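Note: the block below is input_12.cif and it holds mmCIF, C-alpha atoms.
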```cif
data_my_file
loop_
_atom_site.label_atom_id
_atom_site.label_comp_id
_atom_site.auth_asym_id
_atom_site.auth_seq_id
_atom_site.Cartn_x
_atom_site.Cartn_y
_atom_site.Cartn_z
CA MET A 100 19.72 9.18 -32.42
CA ILE A 101 19.66 6.07 -30.32
CA ASN A 102 17.07 5.97 -27.56
CA TYR A 103 19.03 4.79 -24.56
CA PRO A 104 17.05 3.47 -21.62
CA THR A 105 16.76 6.14 -18.97
CA THR A 106 17.06 5.67 -15.24
CA LYS A 107 15.50 7.79 -12.57
CA LYS A 108 16.16 8.20 -8.86
CA ILE A 109 12.96 8.27 -6.84
CA ALA A 110 12.76 11.61 -5.03
CA HIS A 111 12.10 11.62 -1.30
CA GLN A 112 8.53 12.68 -0.60
CA LYS A 113 9.70 15.49 1.67
CA ASP A 114 11.52 17.19 -1.16
CA SER A 115 8.90 16.73 -3.82
CA PHE A 116 6.08 18.24 -1.77
CA SER A 117 7.91 21.03 -0.03
CA ASN A 118 7.02 23.79 -2.46
CA ARG A 119 3.51 23.01 -3.56
CA GLY A 120 0.17 21.61 -2.41
CA MET A 121 0.41 18.14 -0.96
CA SER A 122 -0.73 15.18 -3.03
CA LEU A 123 -4.01 13.54 -2.10
CA GLU A 124 -2.10 10.41 -1.05
CA LYS A 125 0.13 12.38 1.29
CA GLU A 126 -2.85 14.16 2.87
CA LEU A 127 -4.73 10.91 3.34
CA ASN A 128 -1.68 9.29 4.93
CA LEU A 129 -1.34 12.22 7.36
CA SER A 130 -5.05 12.02 8.18
CA ASN A 131 -4.82 8.27 8.75
CA GLU A 132 -1.80 8.74 11.04
CA TYR A 133 -3.80 11.27 13.03
CA TYR A 134 -6.81 8.94 13.30
CA LEU A 135 -4.52 6.09 14.40
CA ARG A 136 -2.68 8.14 17.06
CA GLN A 137 -5.98 9.41 18.45
CA GLY A 138 -7.39 5.88 18.64
CA ILE A 139 -10.20 6.86 16.23
CA ALA A 140 -9.54 4.47 13.35
CA ASN A 141 -6.94 2.11 11.93
CA ILE A 142 -6.79 2.71 8.17
CA HIS A 143 -3.71 2.19 5.99
CA LYS A 144 -2.63 2.52 2.41
CA LYS A 145 -1.57 -0.85 1.09
CA PRO A 146 1.95 -1.12 -0.30
CA THR A 147 2.20 -1.12 -4.11
CA PRO A 148 2.53 -4.74 -5.24
CA ILE A 149 5.95 -5.37 -6.77
CA GLN A 150 7.13 -8.58 -8.43
CA VAL A 151 10.69 -9.24 -7.32
CA VAL A 152 12.79 -11.11 -9.90
CA GLN A 153 16.36 -10.82 -8.69
CA VAL A 154 17.93 -10.00 -5.34
CA SER A 155 21.56 -9.36 -4.52
CA TYR A 156 22.94 -10.18 -1.06
CA PRO A 157 25.97 -7.98 -0.46
CA LYS A 158 27.91 -9.14 2.60
CA ARG A 159 26.94 -7.40 5.85
CA GLN A 160 24.28 -5.33 4.10
CA ALA A 161 20.54 -5.52 3.60
CA ALA A 162 19.28 -7.61 0.69
CA LYS A 163 19.19 -5.40 -2.41
CA ILE A 164 16.52 -5.95 -5.02
CA ILE A 165 18.12 -5.45 -8.44
CA GLU A 166 15.30 -6.51 -10.76
CA ALA A 167 11.61 -5.99 -10.03
CA TYR A 168 8.43 -4.75 -11.72
CA TYR A 169 5.31 -2.93 -10.62
CA GLN A 170 2.15 -5.05 -10.65
CA LYS A 171 -1.46 -3.96 -11.03
CA PRO A 172 -3.21 -3.98 -7.65
CA SER A 173 -6.07 -6.47 -7.32
CA THR A 174 -7.79 -4.44 -4.62
CA THR A 175 -8.24 -0.79 -3.71
CA ASP A 176 -5.44 1.23 -2.12
CA TYR A 177 -6.90 1.84 1.33
CA ASN A 178 -8.67 -0.28 3.89
CA GLY A 179 -9.12 -0.49 7.61
CA LEU A 180 -11.34 -0.31 10.65
CA TYR A 181 -13.57 2.45 12.02
CA GLN A 182 -16.49 2.24 14.46
CA GLY A 183 -16.23 -1.55 14.35
CA LYS A 184 -16.83 -1.39 10.59
CA TYR A 185 -14.70 -2.44 7.65
CA ILE A 186 -13.73 0.58 5.51
CA ASP A 187 -12.46 0.29 1.92
CA PHE A 188 -11.75 3.00 -0.62
CA GLU A 189 -9.85 4.15 -3.66
CA ALA A 190 -8.46 7.68 -3.93
CA LYS A 191 -8.00 9.49 -7.25
CA GLU A 192 -6.96 12.95 -8.36
CA THR A 193 -8.15 14.45 -11.62
CA LYS A 194 -7.02 17.50 -13.55
CA HIS A 195 -10.29 17.71 -15.47
CA LYS A 196 -12.57 20.65 -14.63
CA ASN A 197 -15.93 19.15 -15.40
CA LYS A 198 -15.71 15.36 -15.01
CA PHE A 199 -13.99 12.36 -13.46
CA ILE A 200 -13.15 9.73 -16.09
CA TYR A 201 -13.26 6.02 -15.15
CA THR A 202 -10.22 4.95 -17.21
CA ASN A 203 -8.01 4.43 -14.17
CA ILE A 204 -10.47 2.29 -12.25
CA HIS A 205 -9.35 -1.23 -13.12
CA THR A 206 -11.77 -4.15 -13.52
CA HIS A 207 -10.21 -5.86 -10.50
CA GLN A 208 -10.89 -2.80 -8.35
CA ARG A 209 -14.52 -2.61 -9.49
CA GLU A 210 -15.02 -6.29 -8.70
CA HIS A 211 -13.31 -5.78 -5.36
CA LEU A 212 -15.58 -2.88 -4.37
CA GLN A 213 -18.66 -4.82 -5.52
CA SER A 214 -17.64 -7.70 -3.25
CA ILE A 215 -17.08 -5.30 -0.31
CA ILE A 216 -20.58 -3.84 -0.75
CA GLU A 217 -22.14 -7.33 -0.86
CA LEU A 218 -20.27 -8.34 2.30
CA LYS A 219 -21.57 -5.24 4.14
CA GLY A 220 -18.38 -3.20 4.22
CA ILE A 221 -18.28 0.57 3.69
CA ALA A 222 -16.93 1.24 0.21
CA PHE A 223 -16.32 4.60 -1.42
CA PHE A 224 -14.15 6.75 -3.64
CA ILE A 225 -12.28 9.88 -2.62
CA ILE A 226 -11.93 12.08 -5.70
CA ARG A 227 -9.98 15.31 -5.81
CA PHE A 228 -10.51 17.96 -8.47
CA SER A 229 -7.06 19.55 -8.32
CA CYS A 230 -8.10 22.66 -10.32
CA TYR A 231 -10.59 23.59 -7.58
CA ASN A 232 -8.61 21.94 -4.75
CA GLU A 233 -11.87 20.22 -3.74
CA THR A 234 -12.02 16.65 -2.49
CA TYR A 235 -15.23 14.63 -2.51
CA LEU A 236 -16.30 11.36 -0.97
CA ILE A 237 -18.72 9.37 -3.17
CA GLU A 238 -20.22 6.04 -2.21
CA ALA A 239 -18.91 3.21 -4.41
CA THR A 240 -22.45 2.07 -5.28
CA ILE A 241 -23.00 5.31 -7.25
CA ILE A 242 -19.81 4.98 -9.31
CA LEU A 243 -20.30 1.24 -9.91
CA GLU A 244 -23.90 1.77 -11.06
CA SER A 245 -22.72 4.47 -13.46
CA ILE A 246 -19.99 2.17 -14.86
CA ASN A 247 -22.51 -0.69 -15.21
CA ASN A 248 -24.69 1.71 -17.24
CA ASN A 249 -21.75 2.03 -19.67
CA GLU A 250 -21.05 5.60 -18.68
CA LYS A 251 -17.41 6.58 -19.17
CA SER A 252 -17.28 9.36 -16.58
CA ILE A 253 -19.21 11.21 -13.90
CA SER A 254 -19.65 14.97 -14.20
CA TYR A 255 -18.35 17.45 -11.63
CA ALA A 256 -21.91 18.74 -11.23
CA LYS A 257 -23.18 15.22 -10.44
CA ILE A 258 -20.37 14.67 -7.92
CA LYS A 259 -21.33 17.92 -6.18
CA GLU A 260 -24.93 16.65 -6.07
CA VAL A 261 -24.46 13.03 -4.89
CA GLY A 262 -21.05 13.26 -3.17
CA TYR A 263 -19.86 14.97 -0.01
CA LEU A 264 -17.23 17.71 0.07
CA ILE A 265 -14.49 16.77 2.57
CA LYS A 266 -13.43 19.59 4.87
CA GLU A 267 -9.73 20.48 4.95
CA ASN A 268 -8.42 21.09 8.42
CA TYR A 269 -5.11 21.30 10.16
CA ARG A 270 -5.69 18.01 11.99
CA PRO A 271 -6.77 15.79 10.45
CA ARG A 272 -5.87 17.29 7.11
CA LEU A 273 -8.82 15.61 5.35
CA ASP A 274 -11.53 14.71 7.84
CA TYR A 275 -13.20 12.12 5.64
CA LEU A 276 -14.45 10.04 8.58
CA ARG A 277 -16.99 12.81 9.35
CA ILE A 278 -18.56 11.85 6.01
CA VAL A 279 -18.30 8.14 6.82
CA ASP A 280 -20.32 8.93 9.98
CA ILE A 281 -23.12 10.26 7.77
CA ILE A 282 -23.04 7.09 5.65
CA ILE A 283 -23.07 4.84 8.75
CA ASN A 284 -26.02 6.76 10.25
CA LYS A 285 -28.00 6.40 7.02
CA GLU A 286 -27.81 2.59 7.24
CA MET B 86 39.05 -15.72 -0.04
CA ILE B 87 37.08 -12.66 -1.01
CA ASN B 88 33.39 -12.76 -0.19
CA TYR B 89 31.74 -11.58 -3.38
CA PRO B 90 28.16 -10.39 -3.15
CA THR B 91 25.81 -13.11 -4.30
CA THR B 92 22.71 -12.70 -6.40
CA LYS B 93 19.69 -14.93 -6.43
CA LYS B 94 16.80 -15.38 -8.84
CA ILE B 95 13.46 -15.63 -7.06
CA ALA B 96 11.93 -19.00 -7.88
CA HIS B 97 8.37 -19.15 -9.14
CA GLN B 98 6.05 -20.39 -6.41
CA LYS B 99 4.70 -23.14 -8.65
CA ASP B 100 8.11 -24.76 -8.91
CA SER B 101 9.15 -24.39 -5.33
CA PHE B 102 6.03 -26.03 -3.89
CA SER B 103 5.47 -28.77 -6.42
CA ASN B 104 7.21 -31.55 -4.53
CA ARG B 105 6.44 -30.84 -0.91
CA GLY B 106 3.79 -29.56 1.49
CA MET B 107 2.55 -26.10 0.63
CA SER B 108 3.68 -23.16 2.70
CA LEU B 109 1.22 -21.67 5.15
CA GLU B 110 1.10 -18.49 3.06
CA LYS B 111 0.22 -20.42 -0.08
CA GLU B 112 -2.52 -22.36 1.72
CA LEU B 113 -3.98 -19.18 3.22
CA ASN B 114 -3.96 -17.48 -0.18
CA LEU B 115 -5.80 -20.45 -1.72
CA SER B 116 -8.32 -20.43 1.13
CA ASN B 117 -8.87 -16.69 0.74
CA GLU B 118 -9.38 -17.08 -3.01
CA TYR B 119 -11.99 -19.74 -2.30
CA TYR B 120 -13.78 -17.54 0.26
CA LEU B 121 -13.74 -14.64 -2.21
CA ARG B 122 -15.09 -16.66 -5.16
CA GLN B 123 -17.86 -18.11 -2.99
CA GLY B 124 -18.84 -14.64 -1.76
CA ILE B 125 -18.06 -15.68 1.84
CA ALA B 126 -15.31 -13.19 2.73
CA ASN B 127 -12.90 -10.70 1.20
CA ILE B 128 -9.52 -11.21 2.87
CA HIS B 129 -6.15 -10.51 1.26
CA LYS B 130 -2.47 -10.71 2.05
CA LYS B 131 -0.95 -7.25 1.84
CA PRO B 132 1.98 -6.82 -0.54
CA THR B 133 5.41 -6.72 1.10
CA PRO B 134 6.42 -3.08 1.48
CA ILE B 135 9.41 -2.27 -0.73
CA GLN B 136 11.30 1.01 -0.85
CA VAL B 137 12.06 1.78 -4.49
CA VAL B 138 15.26 3.80 -4.98
CA GLN B 139 15.96 3.61 -8.69
CA VAL B 140 13.84 2.78 -11.72
CA SER B 141 14.95 2.26 -15.31
CA TYR B 142 12.58 3.05 -18.18
CA PRO B 143 13.64 0.96 -21.16
CA LYS B 144 11.89 2.09 -24.34
CA ARG B 145 8.64 0.28 -25.11
CA GLN B 146 8.95 -1.86 -21.99
CA ALA B 147 7.54 -1.79 -18.51
CA ALA B 148 9.36 0.31 -15.92
CA LYS B 149 12.11 -1.83 -14.39
CA ILE B 150 13.05 -1.33 -10.75
CA ILE B 151 16.84 -1.69 -10.47
CA GLU B 152 17.42 -0.69 -6.85
CA ALA B 153 15.00 -1.36 -4.02
CA TYR B 154 14.96 -2.69 -0.46
CA TYR B 155 12.54 -4.67 1.67
CA GLN B 156 10.94 -2.66 4.47
CA LYS B 157 9.56 -3.88 7.77
CA PRO B 158 5.76 -4.01 7.61
CA SER B 159 3.96 -1.63 10.01
CA THR B 160 0.85 -3.80 10.14
CA THR B 161 0.01 -7.49 9.98
CA ASP B 162 0.06 -9.43 6.72
CA TYR B 163 -3.64 -10.17 6.30
CA ASN B 164 -6.82 -8.19 6.66
CA GLY B 165 -10.30 -8.09 5.25
CA LEU B 166 -14.02 -8.43 5.72
CA TYR B 167 -16.18 -11.31 6.94
CA GLN B 168 -19.74 -11.27 8.32
CA GLY B 169 -19.67 -7.47 8.23
CA LYS B 170 -16.66 -7.57 10.58
CA TYR B 171 -13.11 -6.36 10.16
CA ILE B 172 -10.65 -9.28 10.29
CA ASP B 173 -6.90 -8.86 10.92
CA PHE B 174 -4.23 -11.47 11.46
CA GLU B 175 -0.61 -12.48 11.24
CA ALA B 176 0.45 -15.95 10.07
CA LYS B 177 3.63 -17.65 11.23
CA GLU B 178 5.25 -21.03 10.77
CA THR B 179 7.58 -22.51 13.35
CA LYS B 180 9.94 -25.48 13.21
CA HIS B 181 10.04 -25.78 17.01
CA LYS B 182 8.34 -28.81 18.52
CA ASN B 183 7.30 -27.43 21.87
CA LYS B 184 6.91 -23.65 21.58
CA PHE B 185 6.28 -20.63 19.41
CA ILE B 186 8.87 -17.88 20.01
CA TYR B 187 7.83 -14.22 19.75
CA THR B 188 11.07 -12.98 18.12
CA ASN B 189 9.46 -12.44 14.72
CA ILE B 190 6.50 -10.45 16.00
CA HIS B 191 7.67 -6.86 15.55
CA THR B 192 6.72 -4.04 17.94
CA HIS B 193 4.77 -2.35 15.15
CA GLN B 194 2.70 -5.47 14.62
CA ARG B 195 1.93 -5.78 18.34
CA GLU B 196 0.85 -2.15 18.48
CA HIS B 197 -1.22 -2.65 15.36
CA LEU B 198 -3.05 -5.67 16.79
CA GLN B 199 -3.63 -3.84 20.08
CA SER B 200 -5.24 -0.97 18.14
CA ILE B 201 -7.44 -3.41 16.18
CA ILE B 202 -8.68 -5.00 19.41
CA GLU B 203 -9.49 -1.59 20.93
CA LEU B 204 -11.38 -0.57 17.76
CA LYS B 205 -13.48 -3.79 17.93
CA GLY B 206 -11.92 -5.67 15.06
CA ILE B 207 -11.27 -9.42 15.13
CA ALA B 208 -7.54 -9.96 15.62
CA PHE B 209 -5.69 -13.25 15.79
CA PHE B 210 -2.61 -15.27 14.93
CA ILE B 211 -2.46 -18.32 12.72
CA ILE B 212 0.49 -20.44 13.86
CA ARG B 213 1.67 -23.57 12.12
CA PHE B 214 3.83 -26.19 13.79
CA SER B 215 5.43 -27.63 10.69
CA CYS B 216 6.79 -30.73 12.47
CA TYR B 217 3.23 -31.84 13.30
CA ASN B 218 1.65 -30.18 10.25
CA GLU B 219 -0.86 -28.63 12.65
CA THR B 220 -2.18 -25.09 12.25
CA TYR B 221 -3.80 -23.19 15.14
CA LEU B 222 -5.79 -20.00 15.39
CA ILE B 223 -5.13 -18.08 18.62
CA GLU B 224 -6.83 -14.82 19.56
CA ALA B 225 -4.39 -11.91 19.54
CA THR B 226 -5.38 -10.89 23.10
CA ILE B 227 -3.80 -14.09 24.45
CA ILE B 228 -0.47 -13.59 22.68
CA LEU B 229 -0.33 -9.85 23.49
CA GLU B 230 -1.06 -10.52 27.16
CA SER B 231 1.72 -13.11 27.24
CA ILE B 232 4.18 -10.66 25.59
CA ASN B 233 3.16 -7.91 28.03
CA ASN B 234 3.97 -10.33 30.86
CA ASN B 235 7.52 -10.48 29.44
CA GLU B 236 7.14 -14.05 28.27
CA LYS B 237 9.36 -14.86 25.29
CA SER B 238 7.29 -17.70 23.86
CA ILE B 239 4.09 -19.70 24.20
CA SER B 240 4.28 -23.46 24.64
CA TYR B 241 2.78 -25.93 22.21
CA ALA B 242 0.75 -27.37 25.09
CA LYS B 243 -0.69 -23.93 25.91
CA ILE B 244 -1.56 -23.33 22.24
CA LYS B 245 -3.42 -26.66 22.16
CA GLU B 246 -5.30 -25.54 25.27
CA VAL B 247 -6.26 -21.94 24.37
CA GLY B 248 -6.10 -22.05 20.56
CA TYR B 249 -8.22 -23.80 17.96
CA LEU B 250 -6.90 -26.41 15.55
CA ILE B 251 -7.79 -25.42 11.97
CA LYS B 252 -9.18 -28.25 9.86
CA GLU B 253 -7.44 -28.99 6.57
CA ASN B 254 -9.82 -29.62 3.73
CA TYR B 255 -9.72 -29.76 -0.01
CA ARG B 256 -11.72 -26.52 -0.33
CA PRO B 257 -10.99 -24.30 1.42
CA ARG B 258 -7.58 -25.70 2.21
CA LEU B 259 -7.52 -24.12 5.69
CA ASP B 260 -11.05 -23.39 6.88
CA TYR B 261 -10.05 -20.81 9.48
CA LEU B 262 -13.30 -18.84 9.19
CA ARG B 263 -15.09 -21.72 10.96
CA ILE B 264 -12.96 -20.76 13.98
CA VAL B 265 -13.71 -17.05 13.47
CA ASP B 266 -17.41 -18.02 13.66
CA ILE B 267 -16.78 -19.42 17.16
CA ILE B 268 -15.03 -16.18 18.19
CA ILE B 269 -17.84 -14.01 16.77
CA ASN B 270 -20.49 -16.09 18.55
CA LYS B 271 -18.66 -15.73 21.89
CA GLU B 272 -18.91 -11.91 21.68
#
```

Structure rendered as structure tokens:
Amino acid sequence: MINYPTTKKIAHQKDSFSNRGMSLEKELNLSNEYYLRQGIANIHKKPTPIQVVQVSYPKRQAAKIIEAYYQKPSTTDYNGLYQGKYIDFEAKETKHKNKFIYTNIHTHQREHLQSIIELKGIAFFIIRFSCYNETYLIEATIILESINNNEKSISYAKIKEVGYLIKENYRPRLDYLRIVDIIINKE
Amino acid sequence: MINYPTTKKIAHQKDSFSNRGMSLEKELNLSNEYYLRQGIANIHKKPTPIQVVQVSYPKRQAAKIIEAYYQKPSTTDYNGLYQGKYIDFEAKETKHKNKFIYTNIHTHQREHLQSIIELKGIAFFIIRFSCYNETYLIEATIILESINNNEKSISYAKIKEVGYLIKENYRPRLDYLRIVDIIINKE
């Protein structure tokens, strides 16, 4: 059997989340929209970097990209402004029950977070354990120190100990800035 | 004559800038790389938002995007961290000799900059007059006030008066953070 290349239409987010729990990304975007509308914070997810190779210009229509590739991001996914402070974080979901594995944290992202810490920004991870539907905020220093100690993962128990459980509400969906308040007040 | 749709390969930046002055974007990216390497600041251009419609998955190759469209950005192009402060700006080049026209500043971007100012971030424009090869930093408050007064443009003379000329160096190419220092010290 010949393996033909397959193509796939990207589903609209509305459809794909209608019948199950929302993805962490979706919930964070909703929370950030709420914070923005209320004048509390201005935090956005960065667009995925895409390398555009070929563009078609059909007459009287928008430019159509016909060849492009996903690129690895050189920074984290989210950044913005809250309480006059620079906020920077990466959000990850895991299906594991007892640990969060570092495989998907790229070198570039680690270096980026290290630089943010040195420049006095507020850097953290938001990690969701989907099996428990629990979402934690953990300061980036803790994860980076663990990675620098050649650890490959952080246990669920450790996250419960050193991280902060984020409350799920109606508005905002994930009130992670309440945790950021705690971090700011510690400083 | 039938107007066939045209297609265009995107040139590599190296080629397109080899024989003439660098674009403002290229110079800002080089400056930001310098600031980052020196541990001075962490400021990045955000990727252009692209709506991906269809992706092909050829066997043993990277996912290939075969239908996608450019989207209007909802924020400015650049943001980051300097001196513990949140930095946010939009960069524009103009070919006009005596004014900078506001046409290309989208409503979303104005609202975004307004929000950044209210949340105590540092918001500005970097505007290059390519005919003079002069690049100015102007605080966002000045441009937003002018737009709110229904003005359609700001004159070159006014920019010289209220803005700051950015020095061109070897490293960093455009030392715009020297101007940000002045703004921070005014606060």

Mobile chain B fitted to chain A over all in-order Cα pairs, reported as a short mmCIF file (atom, residue, chain, number, x, y, z; two decimals) with C-alpha atoms, in the coordinates of the input:
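Final file, selection.cif:
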```cif
data_model
loop_
_atom_site.label_atom_id
_atom_site.label_comp_id
_atom_site.auth_asym_id
_atom_site.auth_seq_id
_atom_site.Cartn_x
_atom_site.Cartn_y
_atom_site.Cartn_z
CA MET B 86 19.25 9.19 -32.63
CA ILE B 87 19.26 6.08 -30.50
CA ASN B 88 16.74 6.02 -27.68
CA TYR B 89 18.76 4.85 -24.71
CA PRO B 90 16.86 3.52 -21.73
CA THR B 91 16.61 6.17 -19.06
CA THR B 92 16.94 5.69 -15.34
CA LYS B 93 15.41 7.80 -12.64
CA LYS B 94 16.08 8.20 -8.93
CA ILE B 95 12.89 8.28 -6.88
CA ALA B 96 12.72 11.60 -5.07
CA HIS B 97 12.07 11.64 -1.35
CA GLN B 98 8.51 12.73 -0.64
CA LYS B 99 9.69 15.48 1.70
CA ASP B 100 11.52 17.23 -1.11
CA SER B 101 8.92 16.82 -3.78
CA PHE B 102 6.07 18.30 -1.73
CA SER B 103 7.90 21.07 0.06
CA ASN B 104 6.99 23.87 -2.32
CA ARG B 105 3.48 23.05 -3.44
CA GLY B 106 0.15 21.61 -2.33
CA MET B 107 0.43 18.12 -0.90
CA SER B 108 -0.70 15.18 -2.96
CA LEU B 109 -3.98 13.53 -2.05
CA GLU B 110 -2.09 10.40 -0.99
CA LYS B 111 0.14 12.37 1.35
CA GLU B 112 -2.84 14.16 2.90
CA LEU B 113 -4.73 10.89 3.37
CA ASN B 114 -1.69 9.28 4.98
CA LEU B 115 -1.37 12.21 7.40
CA SER B 116 -5.08 12.02 8.21
CA ASN B 117 -4.86 8.27 8.79
CA GLU B 118 -1.85 8.73 11.08
CA TYR B 119 -3.86 11.27 13.07
CA TYR B 120 -6.87 8.94 13.33
CA LEU B 121 -4.58 6.11 14.44
CA ARG B 122 -2.75 8.14 17.10
CA GLN B 123 -6.05 9.43 18.49
CA GLY B 124 -7.46 5.90 18.66
CA ILE B 125 -10.26 6.88 16.24
CA ALA B 126 -9.60 4.48 13.36
CA ASN B 127 -6.99 2.12 11.95
CA ILE B 128 -6.81 2.72 8.20
CA HIS B 129 -3.73 2.19 6.03
CA LYS B 130 -2.64 2.52 2.44
CA LYS B 131 -1.57 -0.87 1.14
CA PRO B 132 1.95 -1.13 -0.26
CA THR B 133 2.20 -1.14 -4.05
CA PRO B 134 2.51 -4.74 -5.20
CA ILE B 135 5.93 -5.38 -6.74
CA GLN B 136 7.09 -8.58 -8.41
CA VAL B 137 10.66 -9.23 -7.30
CA VAL B 138 12.74 -11.11 -9.90
CA GLN B 139 16.30 -10.81 -8.69
CA VAL B 140 17.88 -9.99 -5.34
CA SER B 141 21.53 -9.34 -4.54
CA TYR B 142 22.90 -10.15 -1.09
CA PRO B 143 25.94 -7.94 -0.51
CA LYS B 144 27.90 -9.06 2.55
CA ARG B 145 26.91 -7.36 5.80
CA GLN B 146 24.26 -5.29 4.05
CA ALA B 147 20.54 -5.50 3.57
CA ALA B 148 19.25 -7.59 0.67
CA LYS B 149 19.17 -5.38 -2.42
CA ILE B 150 16.48 -5.93 -5.04
CA ILE B 151 18.07 -5.43 -8.47
CA GLU B 152 15.24 -6.50 -10.77
CA ALA B 153 11.56 -5.99 -10.03
CA TYR B 154 8.39 -4.75 -11.71
CA TYR B 155 5.27 -2.92 -10.59
CA GLN B 156 2.13 -5.06 -10.61
CA LYS B 157 -1.47 -3.98 -11.00
CA PRO B 158 -3.19 -3.99 -7.60
CA SER B 159 -6.07 -6.50 -7.26
CA THR B 160 -7.79 -4.45 -4.57
CA THR B 161 -8.21 -0.80 -3.67
CA ASP B 162 -5.42 1.22 -2.08
CA TYR B 163 -6.89 1.83 1.37
CA ASN B 164 -8.68 -0.28 3.92
CA GLY B 165 -9.14 -0.48 7.64
CA LEU B 166 -11.38 -0.30 10.66
CA TYR B 167 -13.62 2.46 12.01
CA GLN B 168 -16.56 2.25 14.44
CA GLY B 169 -16.29 -1.54 14.34
CA LYS B 170 -16.87 -1.38 10.57
CA TYR B 171 -14.72 -2.44 7.65
CA ILE B 172 -13.75 0.57 5.51
CA ASP B 173 -12.46 0.28 1.92
CA PHE B 174 -11.73 2.98 -0.61
CA GLU B 175 -9.81 4.13 -3.64
CA ALA B 176 -8.41 7.67 -3.91
CA LYS B 177 -7.94 9.46 -7.22
CA GLU B 178 -6.88 12.91 -8.33
CA THR B 179 -8.06 14.42 -11.59
CA LYS B 180 -6.90 17.48 -13.51
CA HIS B 181 -10.18 17.69 -15.45
CA LYS B 182 -12.45 20.62 -14.64
CA ASN B 183 -15.82 19.12 -15.41
CA LYS B 184 -15.60 15.33 -15.01
CA PHE B 185 -13.90 12.34 -13.46
CA ILE B 186 -13.05 9.68 -16.08
CA TYR B 187 -13.18 5.99 -15.12
CA THR B 188 -10.13 4.92 -17.18
CA ASN B 189 -7.93 4.40 -14.12
CA ILE B 190 -10.41 2.27 -12.21
CA HIS B 191 -9.30 -1.26 -13.09
CA THR B 192 -11.73 -4.17 -13.49
CA HIS B 193 -10.18 -5.87 -10.47
CA GLN B 194 -10.86 -2.82 -8.33
CA ARG B 195 -14.49 -2.63 -9.48
CA GLU B 196 -14.99 -6.31 -8.68
CA HIS B 197 -13.30 -5.81 -5.34
CA LEU B 198 -15.57 -2.90 -4.38
CA GLN B 199 -18.64 -4.83 -5.52
CA SER B 200 -17.62 -7.71 -3.23
CA ILE B 201 -17.09 -5.31 -0.30
CA ILE B 202 -20.57 -3.85 -0.77
CA GLU B 203 -22.15 -7.33 -0.88
CA LEU B 204 -20.27 -8.34 2.30
CA LYS B 205 -21.57 -5.21 4.12
CA GLY B 206 -18.39 -3.20 4.20
CA ILE B 207 -18.28 0.57 3.68
CA ALA B 208 -16.91 1.24 0.20
CA PHE B 209 -16.29 4.59 -1.42
CA PHE B 210 -14.12 6.75 -3.64
CA ILE B 211 -12.24 9.86 -2.62
CA ILE B 212 -11.88 12.06 -5.70
CA ARG B 213 -9.91 15.28 -5.81
CA PHE B 214 -10.42 17.94 -8.45
CA SER B 215 -6.99 19.52 -8.30
CA CYS B 216 -8.01 22.62 -10.29
CA TYR B 217 -10.51 23.57 -7.57
CA ASN B 218 -8.56 21.93 -4.73
CA GLU B 219 -11.81 20.22 -3.75
CA THR B 220 -11.97 16.64 -2.49
CA TYR B 221 -15.20 14.61 -2.53
CA LEU B 222 -16.26 11.34 -0.99
CA ILE B 223 -18.68 9.37 -3.19
CA GLU B 224 -20.19 6.03 -2.23
CA ALA B 225 -18.87 3.21 -4.42
CA THR B 226 -22.41 2.07 -5.32
CA ILE B 227 -22.95 5.30 -7.29
CA ILE B 228 -19.76 4.97 -9.33
CA LEU B 229 -20.25 1.22 -9.93
CA GLU B 230 -23.83 1.77 -11.08
CA SER B 231 -22.65 4.46 -13.48
CA ILE B 232 -19.91 2.15 -14.88
CA ASN B 233 -22.42 -0.69 -15.24
CA ASN B 234 -24.59 1.69 -17.28
CA ASN B 235 -21.63 2.01 -19.68
CA GLU B 236 -20.94 5.59 -18.69
CA LYS B 237 -17.29 6.56 -19.15
CA SER B 238 -17.17 9.35 -16.59
CA ILE B 239 -19.11 11.21 -13.92
CA SER B 240 -19.55 14.97 -14.22
CA TYR B 241 -18.26 17.43 -11.66
CA ALA B 242 -21.82 18.72 -11.27
CA LYS B 243 -23.10 15.21 -10.49
CA ILE B 244 -20.30 14.67 -7.95
CA LYS B 245 -21.27 17.92 -6.22
CA GLU B 246 -24.86 16.65 -6.13
CA VAL B 247 -24.40 13.04 -4.93
CA GLY B 248 -21.00 13.25 -3.20
CA TYR B 249 -19.84 14.98 -0.04
CA LEU B 250 -17.20 17.70 0.04
CA ILE B 251 -14.47 16.76 2.55
CA LYS B 252 -13.43 19.59 4.86
CA GLU B 253 -9.74 20.47 4.97
CA ASN B 254 -8.45 21.08 8.44
CA TYR B 255 -5.15 21.31 10.19
CA ARG B 256 -5.71 18.01 12.02
CA PRO B 257 -6.79 15.78 10.48
CA ARG B 258 -5.87 17.29 7.15
CA LEU B 259 -8.82 15.63 5.36
CA ASP B 260 -11.55 14.73 7.84
CA TYR B 261 -13.22 12.13 5.64
CA LEU B 262 -14.48 10.04 8.57
CA ARG B 263 -17.01 12.81 9.33
CA ILE B 264 -18.56 11.86 5.97
CA VAL B 265 -18.33 8.13 6.79
CA ASP B 266 -20.35 8.95 9.95
CA ILE B 267 -23.15 10.29 7.72
CA ILE B 268 -23.06 7.10 5.61
CA ILE B 269 -23.10 4.85 8.71
CA ASN B 270 -26.03 6.79 10.20
CA LYS B 271 -28.04 6.42 6.96
CA GLU B 272 -27.82 2.60 7.20
#
```

Quiz item: Which residues fall under the PyMOL selection byres ((chain A and resi 144) around 10) in this file, as a VMD selection string?
Solution: (chain A and resid 124 127 to 128 131 142 to 143 145 to 147 175 to 179 188 to 189) or (chain B and resid 131)

Practice problem: Spell out the residues picked by the PyMOL selection byres ((chain B) within 9 of (chain A)) here, as a PyMOL selection string. | Solution: chain B and resi 88-96+121+124-127+129+131-135+137-144+147-155+160+164-172+197+200-201+203-206
